[in-house]
Amino acid sequence: MIAVVGSVNIDFVFEVERHPTPGETVTASALHTIYGGKGANQAVAAARLGGVVTLVAAVGDDAQSTEMRDDLASEGVDVTRVQIAGGTSSGLAAITVDAHGENSIVVYPGANHVLTLSDGDRSAIAMASVVLVQLEVEMAVAIEAVQVATGTVILNAAPATPLPKALLGHVDTLIVNEHERTVALEGAETGALTVITTFGAEGVSVEARGTSDHVPSIEVEVVDTTGAGDTFCGAFAEAVARGEAVLNAAKWAAVAASLATTQIGARTAMPIRRDVERALREIT
Ligand code: RIB
């Protein structure tokens, strides 16, 4: 079982020709209100590929938050550990996506920062063979989750922040983009850690114990890169939970992440298992 500890957000996605510069107003050609949040996205990515996933998270106590939780359940994610936080709204994200599919995101944490781990949450995390954590929850919660974990711990250090030893010391695989890597690993002792750095269309690098491998992404028509990193993390966790070695899991996840960029919205184009298998057959 994979336990994902992380955020649930409502995404307001604005399609723009280009991102506004400071002080500038730009007009969007379309607005989409869709479900997102790094934790929820990663849970959905793993579930769509056949992973058995429990999400540990918090949402607000309004009707839309309940709908979001129901939507996660309809994706096959176990939502029994998704708390409803009284008197709070769910997390929100304002996302602009430009003509090249590049995004910029502002997140309001809402209920994600109210999340604390109950005894039930801790035992779900302790029972999981893979625990996947990101940083849209409070750092104290992320630290507690990785400390309670007994399985393989994967940390997606997003949004970018320096990583305390109390967190990093319990991580088996760190997944970061270039910017997050610089911020997260400044002065950090990486020792036995596997570090996967994502480079968008250029694929990913996998560094472990002094070796470095490059894993390419596949060529697709990019519409929106939002959620590509989440798809990578969810797919990687799903493959690791199946017993795949790190490099094979990264190859699987890189294909899944590429496919996820072909439609607007973080989850819209997240693939199911046979889509990734077909794409892998085509490149081998
Ligand atoms: O990684 C993409 C996600 O980041 C979006 O769905 C948004 O909610 C933010 O959490």
# chains A, B, ... in the order shown; residues from 1 in each chain; ligands from 1
$ closest_atom_pairs --of "chain A" --to "ligand 1" --cutoff "8 Å" --atoms "only C-alpha atoms and all ligand atoms" --output "tab-separated table"
residue	atom	partner	partner_atom_place_in_ligand_line	distance
A:Ser7	CA	ligand 1	10 (O)	6.8
A:Val8	CA	ligand 1	8 (O)	6.9
A:Asn9	CA	ligand 1	8 (O)	4.8
A:Ile10	CA	ligand 1	8 (O)	6.3
A:Asp11	CA	ligand 1	8 (O)	5.3
A:Tyr35	CA	ligand 1	6 (O)	6.9
A:Gly36	CA	ligand 1	6 (O)	3.5
A:Gly37	CA	ligand 1	8 (O)	3.4
A:Lys38	CA	ligand 1	10 (O)	4.5
A:Gly39	CA	ligand 1	10 (O)	7.6
A:Asn41	CA	ligand 1	6 (O)	6.5
A:Gly91	CA	ligand 1	8 (O)	7.7
A:Leu92	CA	ligand 1	8 (O)	6.5
A:Ala93	CA	ligand 1	8 (O)	4.9
A:Ala94	CA	ligand 1	7 (C)	7.7
A:Ile95	CA	ligand 1	7 (C)	7.3
A:Ile105	CA	ligand 1	9 (C)	6.6
A:Val106	CA	ligand 1	9 (C)	7.6
A:Val107	CA	ligand 1	9 (C)	6.2
A:Glu136	CA	ligand 1	10 (O)	7.0
A:Thr226	CA	ligand 1	2 (C)	5.2
A:Gly227	CA	ligand 1	2 (C)	4.4
A:Ala228	CA	ligand 1	1 (O)	7.3
A:Gly229	CA	ligand 1	1 (O)	6.4
A:Asp230	CA	ligand 1	1 (O)	5.6
A:Gly265	CA	ligand 1	6 (O)	7.6
A:Ala266	CA	ligand 1	6 (O)	5.3
A:Arg267	CA	ligand 1	6 (O)	7.8
$ write_last_selection --atoms "C-alpha atoms" --output "PDB file, in the first residue's frame"
ATOM      1  CA  SER A   7      -2.277  18.650   0.006  1.00  0.00           C
ATOM      2  CA  VAL A   8      -5.675  18.863  -1.652  1.00  0.00           C
ATOM      3  CA  ASN A   9      -6.446  22.064  -3.581  1.00  0.00           C
ATOM      4  CA  ILE A  10      -9.017  23.596  -5.872  1.00  0.00           C
ATOM      5  CA  ASP A  11      -7.115  24.899  -8.894  1.00  0.00           C
ATOM      6  CA  TYR A  35      -9.244  19.646  -8.558  1.00  0.00           C
ATOM      7  CA  GLY A  36      -5.539  19.624  -7.743  1.00  0.00           C
ATOM      8  CA  GLY A  37      -3.049  19.819  -4.904  1.00  0.00           C
ATOM      9  CA  LYS A  38       0.279  18.042  -5.054  1.00  0.00           C
ATOM     10  CA  GLY A  39      -0.718  15.336  -2.584  1.00  0.00           C
ATOM     11  CA  ASN A  41      -2.530  14.697  -7.721  1.00  0.00           C
ATOM     12  CA  GLY A  91      -6.446  24.880  -0.194  1.00  0.00           C
ATOM     13  CA  LEU A  92      -6.622  26.991  -3.359  1.00  0.00           C
ATOM     14  CA  ALA A  93      -4.197  27.465  -6.221  1.00  0.00           C
ATOM     15  CA  ALA A  94      -4.173  30.246  -8.833  1.00  0.00           C
ATOM     16  CA  ILE A  95      -2.359  28.860 -11.868  1.00  0.00           C
ATOM     17  CA  ILE A 105       1.391  28.837  -9.316  1.00  0.00           C
ATOM     18  CA  VAL A 106       0.314  30.698  -6.182  1.00  0.00           C
ATOM     19  CA  VAL A 107      -1.030  28.445  -3.413  1.00  0.00           C
ATOM     20  CA  GLU A 136       2.371  21.761   0.828  1.00  0.00           C
ATOM     21  CA  THR A 226       1.064  21.493 -14.449  1.00  0.00           C
ATOM     22  CA  GLY A 227       0.990  18.172 -12.619  1.00  0.00           C
ATOM     23  CA  ALA A 228       3.790  16.581 -14.678  1.00  0.00           C
ATOM     24  CA  GLY A 229       6.009  16.453 -11.584  1.00  0.00           C
ATOM     25  CA  ASP A 230       3.110  15.049  -9.543  1.00  0.00           C
ATOM     26  CA  GLY A 265      -5.135  20.701 -15.885  1.00  0.00           C
ATOM     27  CA  ALA A 266      -2.947  18.750 -13.484  1.00  0.00           C
ATOM     28  CA  ARG A 267      -4.927  15.516 -13.619  1.00  0.00           C
TER      29      ARG A 267
END
$ closest_atom_pairs --of "stretch 111-208 of chain A" --to "stretch 56-80 of chain A" --cutoff "6 Å" --atoms "only C-alpha atoms" --output "CSV"
residue,atom,partner,partner_atom,distance
A:Ala111,CA,A:Val59,CA,5.2
A:Asn112,CA,A:Ala58,CA,5.6
A:Leu115,CA,A:Ala58,CA,5.5
$ closest_atom_pairs --of "stretch 80-149 of chain A" --to "stretch 181-200 of chain A" --cutoff "12 Å" --atoms "only C-alpha atoms" --output "tab-separated table"
residue	atom	partner	partner_atom	distance
A:Gly101	CA	A:Gly200	CA	11.2
A:Glu102	CA	A:Gly200	CA	10.1
A:Leu135	CA	A:Ala184	CA	11.2
$ select_by_dssp --residues "stretch 23-179 of chain A" --states "helix (DSSP H, G or I)" --output "VMD selection string"
chain A and resid 38 to 48 63 to 74 110 to 113 119 to 127 139 to 148 165 to 168 178 to 179
$ residues_around --residues "A:Met127" --least-positions-apart "6" --cutoff "12 Å" --atoms "only C-alpha atoms" --output "ChimeraX atom specification"
/A:1-3,53-54,120-121,145,148-152
$ write_last_selection --atoms "N, CA, C and O atoms" --output "CSV table (one decimal), in the first residue's frame"
chain,number,residue,atom,x,y,z
A,1,MET,N,0.9,-1.2,0.0
A,1,MET,CA,0.0,0.0,0.0
A,1,MET,C,0.9,1.3,0.0
A,1,MET,O,1.9,1.3,0.6
A,2,ILE,N,0.4,2.3,-0.7
A,2,ILE,CA,1.2,3.5,-0.8
A,2,ILE,C,0.4,4.6,0.1
A,2,ILE,O,-0.8,4.7,-0.1
A,3,ALA,N,1.1,5.2,1.0
A,3,ALA,CA,0.4,6.3,1.7
A,3,ALA,C,1.0,7.6,1.2
A,3,ALA,O,2.2,7.8,1.2
A,53,VAL,N,-3.8,3.1,-2.9
A,53,VAL,CA,-3.3,4.3,-2.4
A,53,VAL,C,-4.2,4.8,-1.3
A,53,VAL,O,-5.4,4.9,-1.4
A,54,THR,N,-3.6,5.2,-0.1
A,54,THR,CA,-4.3,5.9,0.9
A,54,THR,C,-3.8,7.4,1.0
A,54,THR,O,-2.6,7.6,1.0
A,120,GLY,N,-4.7,7.1,13.9
A,120,GLY,CA,-5.1,6.4,12.7
A,120,GLY,C,-4.2,6.7,11.5
A,120,GLY,O,-3.8,5.8,10.7
A,121,ASP,N,-3.9,8.0,11.4
A,121,ASP,CA,-3.0,8.4,10.3
A,121,ASP,C,-1.6,7.8,10.4
A,121,ASP,O,-1.1,7.3,9.5
A,145,ALA,N,5.6,12.3,9.5
A,145,ALA,CA,5.2,11.3,8.6
A,145,ALA,C,6.5,10.4,8.2
A,145,ALA,O,6.4,9.2,8.2
A,148,VAL,N,7.6,8.2,11.1
A,148,VAL,CA,6.7,7.1,11.5
A,148,VAL,C,6.8,6.0,10.4
A,148,VAL,O,6.6,4.8,10.7
A,149,ALA,N,7.2,6.4,9.2
A,149,ALA,CA,7.2,5.4,8.1
A,149,ALA,C,8.2,4.2,8.4
A,149,ALA,O,9.2,4.4,9.0
A,150,THR,N,7.8,3.1,7.9
A,150,THR,CA,8.6,1.9,8.0
A,150,THR,C,9.0,1.4,6.6
A,150,THR,O,9.9,0.6,6.5
A,151,GLY,N,8.3,1.8,5.6
A,151,GLY,CA,8.5,1.4,4.2
A,151,GLY,C,9.5,2.4,3.6
A,151,GLY,O,10.2,3.2,4.2
A,152,THR,N,9.5,2.3,2.2
A,152,THR,CA,10.4,3.2,1.4
A,152,THR,C,9.8,4.6,1.5
A,152,THR,O,8.6,4.8,1.3
$ select_by_dssp --residues "stretch 41-230 of chain A" --states "strand (DSSP E or B)" --output "MDAnalysis selection string"
chainID A and resid 53:59 78 82:84 91:97 103:108 130:134 152:156 173:177 194:198 204:208 211:215
$ atom_distance --atom1 "atom CA of A:Arg242" --atom2 "atom CA of A:Arg278"
18.6 Å
$ closest_residue --among "A:Phe232, A:Val97, A:His113, A:Val4" --to "A:Leu31" --atoms "only C-alpha atoms"
A:Val97
$ closest_residue --among "A:His32, A:Thr173, A:Pro164, A:Thr284" --to "A:Ala249" --atoms "only C-alpha atoms"
A:Thr173
$ closest_residue --among "A:Glu144, A:Val204, A:Met139, A:Phe14" --to "A:Pro162" --atoms "only C-alpha atoms"
A:Met139
$ residues_around --residues "A:Ile218" --least-positions-apart "3" --cutoff "10 Å" --atoms "only C-alpha atoms" --output "number ranges by chain"
A: 201-203, 215, 221, 254-259, 279-280, 282-283
$ atom_distance --atom1 "atom CA of A:Ser212" --atom2 "atom CA of A:Asp172"
16.0 Å
$ atom_distance --atom1 "atom CA of A:Glu17" --atom2 "atom CA of A:His179"
23.6 Å
$ closest_residue --among "A:Val240, A:Val223, A:Leu247, A:Arg18" --to "A:Glu207" --atoms "only C-alpha atoms"
A:Leu247
$ closest_residue --among "A:Thr33, A:Gln83, A:Ser118, A:Ser129" --to "A:Gly51" --atoms "only C-alpha atoms"
A:Ser129
$ closest_residue --among "A:Thr261, A:Thr268, A:Gln147, A:Ser104" --to "A:Pro20" --atoms "only C-alpha atoms"
A:Ser104
